[in-house]
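Participant: coords_26.tsv is the file, holding TSV, C-alpha atoms and all ligand atoms:
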chain	number	residue	atom	x	y	z
A	1264	MET	CA	135.89	218.79	137.96
A	1265	LYS	CA	135.29	215.37	136.35
A	1266	LEU	CA	131.89	214.87	134.72
A	1267	SER	CA	130.98	211.93	137.01
A	1268	GLN	CA	132.00	213.90	140.14
A	1269	LEU	CA	129.96	216.92	139.14
A	1270	ILE	CA	126.82	214.92	138.34
A	1271	GLY	CA	127.18	212.73	141.44
A	1272	LYS	CA	127.54	215.75	143.68
A	1273	ARG	CA	125.07	218.20	142.17
A	1274	LEU	CA	122.29	215.68	141.59
A	1275	GLN	CA	123.10	213.90	144.86
A	1276	ILE	CA	123.17	210.46	143.25
A	1277	GLY	CA	126.80	209.58	144.08
A	1278	GLU	CA	129.66	209.16	141.66
A	1279	LYS	CA	129.00	205.45	140.97
A	1280	ARG	CA	125.44	206.07	139.81
A	1281	ALA	CA	126.62	209.13	137.87
A	1282	ARG	CA	129.16	206.97	136.03
A	1283	GLU	CA	126.46	204.46	135.11
A	1284	GLN	CA	124.26	207.25	133.76
A	1285	ILE	CA	127.14	208.65	131.70
A	1286	LEU	CA	128.05	205.24	130.25
A	1287	ALA	CA	124.37	204.68	129.41
A	1288	GLY	CA	124.50	207.85	127.26
A	1289	ASN	CA	122.31	209.92	129.56
A	1290	ALA	CA	124.73	212.82	130.18
A	1291	LEU	CA	124.78	215.92	128.00
A	1292	VAL	CA	127.48	218.59	128.08
A	1293	ASN	CA	126.37	221.67	126.20
A	1294	GLY	CA	123.72	219.55	124.50
A	1295	LYS	CA	126.07	216.76	123.34
A	1296	VAL	CA	126.22	213.23	124.74
A	1297	PHE	CA	129.45	212.57	126.64
A	1298	LEU	CA	130.38	208.96	127.43
A	1299	ASP	CA	133.63	209.64	129.33
A	1300	PRO	CA	133.05	209.95	133.10
A	1301	HIS	CA	136.54	211.52	133.42
A	1302	HIS	CA	135.80	214.31	130.96
A	1303	PRO	CA	136.74	217.60	132.70
A	1304	VAL	CA	133.91	220.12	132.80
A	1305	SER	CA	134.22	223.83	133.49
A	1306	ARG	CA	131.64	226.13	134.99
A	1307	PHE	CA	131.09	227.56	131.51
A	1308	GLU	CA	129.40	224.32	130.34
A	1309	GLU	CA	125.82	223.22	130.91
A	1310	VAL	CA	125.49	219.66	132.22
A	1311	ILE	CA	122.27	217.67	132.07
A	1312	CYS	CA	121.87	214.10	133.26
A	1313	ASP	CA	118.80	211.97	132.78
A	1314	GLY	CA	116.81	215.11	131.98
A	1315	ARG	CA	117.90	217.00	135.13
A	1316	GLN	CA	120.18	220.01	135.07
A	1317	ALA	CA	123.32	219.31	137.11
A	1318	GLN	CA	124.93	222.63	136.20
A	1319	ALA	CA	123.82	225.76	134.35
A	1320	ALA	CA	126.48	227.33	132.13
A	1321	THR	CA	128.07	230.48	133.55
A	1322	SER	CA	128.53	233.16	130.86
A	1323	ARG	CA	132.11	233.98	129.97
A	1324	LEU	CA	132.87	237.69	130.45
A	1325	PHE	CA	135.58	239.56	128.58
A	1326	LEU	CA	135.89	243.24	129.44
A	1327	MET	CA	138.19	246.15	128.70
A	1328	VAL	CA	138.67	249.22	130.89
A	1329	ASN	CA	140.34	252.53	130.19
A	1330	LYS	CA	142.25	252.92	133.45
A	1331	PRO	CA	142.73	256.49	134.64
A	1332	ALA	CA	145.85	257.52	136.58
A	1333	GLY	CA	145.61	256.92	140.32
A	1334	ILE	CA	143.62	253.69	140.05
A	1335	LEU	CA	145.28	250.45	141.09
A	1336	SER	CA	145.49	247.46	138.71
A	1337	ALA	CA	144.10	245.04	141.28
A	1338	THR	CA	140.76	243.53	142.23
A	1339	SER	CA	140.80	244.78	145.82
A	1340	ASP	CA	142.87	247.08	147.99
A	1341	PRO	CA	142.35	248.42	151.49
A	1342	VAL	CA	143.47	251.95	150.55
A	1343	HIS	CA	143.26	252.73	146.84
A	1344	ARG	CA	140.45	252.49	144.31
A	1345	THR	CA	140.97	249.60	141.91
A	1346	VAL	CA	139.93	248.91	138.31
A	1347	LEU	CA	137.23	246.62	139.70
A	1348	ASP	CA	135.67	249.66	141.42
A	1349	LEU	CA	135.11	251.08	137.93
A	1350	ILE	CA	133.01	248.11	136.82
A	1351	ASP	CA	129.32	248.10	137.65
A	1352	HIS	CA	128.61	244.60	136.33
A	1353	PRO	CA	126.65	242.15	138.52
A	1354	ALA	CA	129.41	239.52	138.12
A	1355	ARG	CA	132.29	241.95	138.79
A	1356	ALA	CA	133.47	239.94	141.83
A	1357	THR	CA	134.32	236.99	139.54
A	1358	LEU	CA	136.68	239.03	137.32
A	1359	HIS	CA	140.46	238.99	137.29
A	1360	LEU	CA	143.05	240.93	135.34
A	1361	ALA	CA	145.15	239.99	132.32
A	1362	GLY	CA	148.27	242.00	133.15
A	1363	ARG	CA	148.72	245.16	135.19
A	1364	LEU	CA	149.58	248.80	134.76
A	1365	ASP	CA	151.36	250.97	137.33
A	1366	ARG	CA	149.08	253.23	139.38
A	1367	SER	CA	150.32	256.32	137.52
A	1368	SER	CA	149.88	254.66	134.07
A	1369	THR	CA	146.70	254.91	132.02
A	1370	GLY	CA	144.93	252.96	129.30
A	1371	LEU	CA	143.91	249.45	128.41
A	1372	VAL	CA	143.35	246.82	131.10
A	1373	LEU	CA	141.63	243.53	130.24
A	1374	LEU	CA	139.50	241.52	132.65
A	1375	SER	CA	137.66	238.21	132.49
A	1376	ASN	CA	136.09	235.52	134.62
A	1377	ASP	CA	137.86	232.96	132.39
A	1378	GLY	CA	141.25	232.20	133.93
A	1379	GLY	CA	142.32	230.35	130.77
A	1380	TRP	CA	141.95	233.51	128.68
A	1381	THR	CA	143.70	235.84	131.13
A	1382	SER	CA	146.58	233.35	131.58
A	1383	LEU	CA	147.10	233.04	127.82
A	1384	LEU	CA	147.32	236.82	127.46
A	1385	SER	CA	149.73	237.14	130.39
A	1386	ASP	CA	151.88	234.09	129.55
A	1387	PRO	CA	155.40	235.42	128.80
A	1388	ALA	CA	156.09	232.43	126.52
A	1389	ARG	CA	153.35	233.58	124.14
A	1390	LEU	CA	155.09	236.88	123.40
A	1391	VAL	CA	151.82	238.84	123.34
A	1392	GLU	CA	152.50	242.38	122.11
A	1393	LYS	CA	151.67	245.29	124.39
A	1394	VAL	CA	151.78	248.76	122.88
A	1395	TYR	CA	152.33	251.96	124.91
A	1396	LEU	CA	152.40	255.64	124.14
A	1397	VAL	CA	154.93	257.42	126.34
A	1398	GLY	CA	155.75	261.05	127.11
A	1399	THR	CA	159.24	261.91	128.37
A	1400	ASP	CA	160.75	264.75	130.37
A	1401	ARG	CA	163.58	265.20	127.86
A	1402	PRO	CA	164.06	264.51	124.14
A	1403	VAL	CA	164.20	260.81	123.26
A	1404	PRO	CA	167.75	260.18	121.98
A	1405	ALA	CA	168.23	259.11	118.38
A	1406	ASP	CA	169.77	255.74	119.39
A	1407	ALA	CA	166.80	254.81	121.64
A	1408	ALA	CA	165.27	252.43	119.09
A	1409	ASP	CA	168.53	250.49	118.80
A	1410	ARG	CA	168.94	250.32	122.59
A	1411	PHE	CA	165.39	249.03	123.06
A	1412	ALA	CA	165.92	246.45	120.29
A	1413	GLU	CA	169.20	245.25	121.88
A	1414	GLY	CA	167.62	244.86	125.32
A	1415	PHE	CA	168.70	246.02	128.77
A	1416	TRP	CA	170.29	243.93	131.52
A	1417	PHE	CA	168.01	243.94	134.59
A	1418	ALA	CA	170.26	242.82	137.43
A	1419	THR	CA	167.38	242.37	139.93
A	1420	GLU	CA	165.74	239.71	137.76
A	1421	GLY	CA	169.01	238.50	136.16
A	1422	ILE	CA	167.61	238.87	132.64
A	1423	THR	CA	168.11	240.89	129.50
A	1424	THR	CA	164.83	242.40	128.28
A	1425	ARG	CA	163.51	240.94	125.07
A	1426	PRO	CA	163.87	243.00	121.90
A	1427	ALA	CA	161.37	245.87	122.06
A	1428	ARG	CA	160.28	248.30	119.34
A	1429	LEU	CA	160.52	252.03	119.88
A	1430	GLU	CA	159.27	254.58	117.40
A	1431	ILE	CA	160.00	258.27	118.05
A	1432	LEU	CA	156.81	260.22	117.28
A	1433	GLU	CA	157.86	263.65	118.54
A	1434	GLU	CA	160.84	265.00	120.43
A	1435	ARG	CA	159.37	263.86	123.77
A	1436	CYS	CA	156.91	261.23	122.67
A	1437	ALA	CA	157.40	257.63	121.54
A	1438	ARG	CA	155.45	254.44	120.92
A	1439	VAL	CA	156.89	251.32	122.56
A	1440	THR	CA	155.98	247.72	121.83
A	1441	LEU	CA	156.94	245.04	124.39
A	1442	VAL	CA	156.37	241.30	124.43
A	1443	GLU	CA	156.86	241.01	128.19
A	1444	GLY	CA	155.78	242.87	131.29
A	1445	ARG	CA	158.50	243.24	133.92
A	1446	TYR	CA	158.04	245.46	136.98
A	1447	HIS	CA	158.16	249.15	135.87
A	1448	GLN	CA	159.72	247.87	132.67
A	1449	ILE	CA	159.32	250.88	130.39
A	1450	LYS	CA	160.21	253.35	133.13
A	1451	ARG	CA	163.38	251.39	133.87
A	1452	MET	CA	164.30	251.14	130.17
A	1453	PHE	CA	163.99	254.90	129.66
A	1454	HIS	CA	165.92	255.55	132.85
A	1455	ARG	CA	168.86	253.77	131.23
A	1456	LEU	CA	168.85	256.40	128.48
A	1457	GLY	CA	170.60	259.02	130.58
A	1458	GLY	CA	168.01	259.08	133.36
A	1459	ILE	CA	164.96	259.99	131.23
A	1460	ARG	CA	161.75	260.05	133.27
A	1461	LEU	CA	158.28	259.44	131.90
A	1462	THR	CA	155.66	262.16	132.09
A	1463	SER	CA	152.95	259.77	130.85
A	1464	LEU	CA	152.55	256.08	130.03
A	1465	HIS	CA	149.40	254.95	128.25
A	1466	ARG	CA	148.65	251.40	127.05
A	1467	GLU	CA	146.96	251.33	123.65
A	1468	ARG	CA	146.86	247.63	122.80
A	1469	ILE	CA	147.29	244.10	124.20
A	1470	GLY	CA	147.58	241.45	121.48
A	1471	PRO	CA	144.58	241.93	119.17
A	1472	HIS	CA	142.69	244.10	121.69
A	1473	GLU	CA	142.93	247.81	121.02
A	1474	LEU	CA	141.63	250.52	123.34
A	1475	PRO	CA	138.77	252.13	121.40
A	1476	ALA	CA	139.11	255.89	120.86
A	1477	ASP	CA	135.58	256.43	122.21
A	1478	LEU	CA	136.15	254.60	125.52
A	1479	ALA	CA	136.71	257.46	127.96
A	1480	PRO	CA	139.01	257.15	131.02
A	1481	GLY	CA	137.16	255.28	133.77
A	1482	GLN	CA	134.78	253.56	131.35
A	1483	TRP	CA	134.55	249.86	130.54
A	1484	ARG	CA	132.87	247.75	127.90
A	1485	ALA	CA	132.42	244.11	126.97
A	1486	ILE	CA	134.69	242.75	124.23
A	1487	ALA	CA	132.63	241.16	121.51
A	1488	GLY	CA	133.51	238.15	119.40
A	1489	ILE	CA	135.59	235.98	121.79
A	1490	ASN	CA	134.60	232.33	122.16
B	1	LIG	N1	155.99	249.67	132.04
B	1	LIG	C1	155.97	250.49	133.13
B	1	LIG	O1	157.00	251.00	133.55
B	1	LIG	N2	154.78	250.73	133.72
B	1	LIG	C2	153.60	250.22	133.27
B	1	LIG	O2	152.54	250.49	133.84
B	1	LIG	C3	153.65	249.37	132.13
B	1	LIG	C4	154.86	249.12	131.55
Could you express the structure from this file as structure tokens?
Facilitator:
Amino acid sequence: MKLSQLIGKRLQIGEKRAREQILAGNALVNGKVFLDPHHPVSRFEEVICDGRQAQAATSRLFLMVNKPAGILSATSDPVHRTVLDLIDHPARATLHLAGRLDRSSTGLVLLSNDGGWTSLLSDPARLVEKVYLVGTDRPVPADAADRFAEGFWFATEGITTRPARLEILEERCARVTLVEGRYHQIKRMFHRLGGIRLTSLHRERIGPHELPADLAPGQWRAIAGIN
């Protein structure tokens, strides 16, 4: 919302009077004088005009959850428990997710009340790395890394998957790094390797955010150090 609109509405002085106050240097956004009535303000900023508080700043929340299997990556669902059901924070209803995991998958899910942050992390153009540990029902073939790097044609979407990294850790265990998040992407990629099925799929990292080893399945915590 524009600064003049917010002040006019919240202090019930009308937009014209709000504009006059702003131009007279009487409006503070996060403690600084703002002279532009059109300046866009978010709910995360405190706005004071002529000594009266027009808006208190809402705290930004950045959380991580270790999603157990069986929990839906959604904020509400009529049937299944969702990741939001795992979060006992008073502002939980304001949270949304930065990317999803299948119901059977486990590991890192990020949530925030700041749509700008979740959009940046989920924006395919930003090529944010997502790292997964996977278990397979059969040995991972030796050429799997090359196949993942080349990409797979997904006819449903009409795209070739972006180059992905695959590192074989054990005969039936690999670490996969993607920079996109298509529907069932890793499951579909493995299926192309002679019908391999996954026995587990666990997300370890999204961009700079790593799932801490001491965050047990079903637990959440605030992420420190984000502005
Ligand atoms: N790829 C999948 O197939 N499932 C997930 O949950 C994440 C990536």
Participant: Return the single residue from A:Ile1431, A:Ala1487, A:Leu1474, A:Leu1461 that is closest to Val1394 (chain A), with distances computed using all atoms listed in the file.
Facilitator: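 Ranked by minimum distance to Val1394 (chain A), first place goes to A:Leu1474.
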Participant: Looking at only C-alpha atoms, which of A:Gly1444, A:Pro1402, A:Gly1370, A:Gly1378 is the one that sits closest to Ala1476 (chain A)?
Facilitator: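 Smallest distance to Ala1476 (chain A) is found for A:Gly1370.
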Participant: Dig up all the protein and nucleic acid residues within 12 Å of (132.2, 246.5, 137.7) in the file frame, using only C-alpha atoms, and format them as a ChimeraX atom specification.
Facilitator: /A:1324-1328,1338-1339,1345-1359,1374-1375,1481-1485
Participant: Counting all atoms listed in the file, figure out which residue out of A:Asn1329, A:Thr1462, A:Ser1367, A:Gln1318 gets nearest to ligand LIG 1 (chain B).
Facilitator: A:Ser1367
Participant: I need the residue nearest Arg1366 (chain A) from this list: A:Gly1294, A:Gly1333, A:Gly1458, A:Pro1303. Use all atoms listed in the file for the distance.
Facilitator: A:Gly1333
Participant: Give the answer as one residue: which of A:Leu1266, A:Leu1464, A:Gly1314, A:Val1292 has the shortest atom-to-atom distance to ligand LIG 1 (chain B), using only C-alpha atoms and all ligand atoms?
Facilitator: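 Residue with the minimum atom-to-atom distance to ligand LIG 1 (chain B): A:Leu1464.
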Participant: Which residue is closest to ligand LIG 1 (chain B)? Choose from A:Arg1363, A:Arg1468, A:Arg1425, A:Arg1401 and count all atoms listed in the file.
Facilitator: A:Arg1363
Participant: Where's the centre, and what are the edge lengths in Å to one decimal, of a box along x, y and z enclosing all listed atoms of ligand LIG 1 (chain B) padded 4 Å per side, as JSON?
Facilitator:
{"center_x": 154.8, "center_y": 250.1, "center_z": 132.7, "size_x": 12.5, "size_y": 9.9, "size_z": 10.3}
Participant: Report, in Å with one decimal, the straight-line distance from CA of Asp1406 (chain A) to CA of Ile1449 (chain A).
Facilitator: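 Spanning CA of Asp1406 (chain A) to CA of Ile1449 (chain A) is a straight-line distance of 15.9 Å.
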Participant: Can I get region 1339-1357 of chain A with N, CA and C atoms filled in, as a PDB file, keeping the file's coordinate frame?
Facilitator:
ATOM      1  N   SER A1339     141.202 244.177 144.544  1.00  0.00           N
ATOM      2  CA  SER A1339     140.800 244.780 145.820  1.00  0.00           C
ATOM      3  C   SER A1339     142.027 245.403 146.478  1.00  0.00           C
ATOM      4  N   ASP A1340     141.782 246.413 147.263  1.00  0.00           N
ATOM      5  CA  ASP A1340     142.870 247.080 147.990  1.00  0.00           C
ATOM      6  C   ASP A1340     142.271 247.832 149.172  1.00  0.00           C
ATOM      7  N   PRO A1341     142.915 247.758 150.322  1.00  0.00           N
ATOM      8  CA  PRO A1341     142.350 248.420 151.490  1.00  0.00           C
ATOM      9  C   PRO A1341     142.399 249.944 151.416  1.00  0.00           C
ATOM     10  N   VAL A1342     143.273 250.494 150.558  1.00  0.00           N
ATOM     11  CA  VAL A1342     143.470 251.950 150.550  1.00  0.00           C
ATOM     12  C   VAL A1342     142.997 252.597 149.238  1.00  0.00           C
ATOM     13  N   HIS A1343     143.496 252.057 148.131  1.00  0.00           N
ATOM     14  CA  HIS A1343     143.260 252.730 146.840  1.00  0.00           C
ATOM     15  C   HIS A1343     142.070 252.156 146.099  1.00  0.00           C
ATOM     16  N   ARG A1344     141.492 252.998 145.213  1.00  0.00           N
ATOM     17  CA  ARG A1344     140.450 252.490 144.310  1.00  0.00           C
ATOM     18  C   ARG A1344     141.114 251.589 143.278  1.00  0.00           C
ATOM     19  N   THR A1345     140.415 250.551 142.884  1.00  0.00           N
ATOM     20  CA  THR A1345     140.970 249.600 141.910  1.00  0.00           C
ATOM     21  C   THR A1345     140.143 249.617 140.627  1.00  0.00           C
ATOM     22  N   VAL A1346     140.682 248.963 139.584  1.00  0.00           N
ATOM     23  CA  VAL A1346     139.930 248.910 138.310  1.00  0.00           C
ATOM     24  C   VAL A1346     138.574 248.226 138.506  1.00  0.00           C
ATOM     25  N   LEU A1347     138.511 247.309 139.460  1.00  0.00           N
ATOM     26  CA  LEU A1347     137.230 246.620 139.700  1.00  0.00           C
ATOM     27  C   LEU A1347     136.169 247.604 140.222  1.00  0.00           C
ATOM     28  N   ASP A1348     136.620 248.638 140.935  1.00  0.00           N
ATOM     29  CA  ASP A1348     135.670 249.660 141.420  1.00  0.00           C
ATOM     30  C   ASP A1348     135.053 250.445 140.268  1.00  0.00           C
ATOM     31  N   LEU A1349     135.646 250.338 139.081  1.00  0.00           N
ATOM     32  CA  LEU A1349     135.110 251.080 137.930  1.00  0.00           C
ATOM     33  C   LEU A1349     134.022 250.275 137.209  1.00  0.00           C
ATOM     34  N   ILE A1350     133.877 249.007 137.592  1.00  0.00           N
ATOM     35  CA  ILE A1350     133.010 248.110 136.820  1.00  0.00           C
ATOM     36  C   ILE A1350     131.713 247.805 137.563  1.00  0.00           C
ATOM     37  N   ASP A1351     130.619 248.310 137.004  1.00  0.00           N
ATOM     38  CA  ASP A1351     129.320 248.100 137.650  1.00  0.00           C
ATOM     39  C   ASP A1351     128.573 246.958 136.951  1.00  0.00           C
ATOM     40  N   HIS A1352     129.216 245.795 136.927  1.00  0.00           N
ATOM     41  CA  HIS A1352     128.610 244.600 136.330  1.00  0.00           C
ATOM     42  C   HIS A1352     128.231 243.676 137.475  1.00  0.00           C
ATOM     43  N   PRO A1353     127.062 243.002 137.396  1.00  0.00           N
ATOM     44  CA  PRO A1353     126.650 242.150 138.520  1.00  0.00           C
ATOM     45  C   PRO A1353     127.654 241.042 138.867  1.00  0.00           C
ATOM     46  N   ALA A1354     128.451 240.606 137.854  1.00  0.00           N
ATOM     47  CA  ALA A1354     129.410 239.520 138.120  1.00  0.00           C
ATOM     48  C   ALA A1354     130.825 240.058 138.314  1.00  0.00           C
ATOM     49  N   ARG A1355     130.950 241.328 138.696  1.00  0.00           N
ATOM     50  CA  ARG A1355     132.290 241.950 138.790  1.00  0.00           C
ATOM     51  C   ARG A1355     133.205 241.214 139.765  1.00  0.00           C
ATOM     52  N   ALA A1356     132.638 240.617 140.818  1.00  0.00           N
ATOM     53  CA  ALA A1356     133.470 239.940 141.830  1.00  0.00           C
ATOM     54  C   ALA A1356     134.166 238.706 141.261  1.00  0.00           C
ATOM     55  N   THR A1357     133.715 238.204 140.109  1.00  0.00           N
ATOM     56  CA  THR A1357     134.320 236.990 139.540  1.00  0.00           C
ATOM     57  C   THR A1357     135.453 237.335 138.555  1.00  0.00           C
TER      58      THR A1357
END
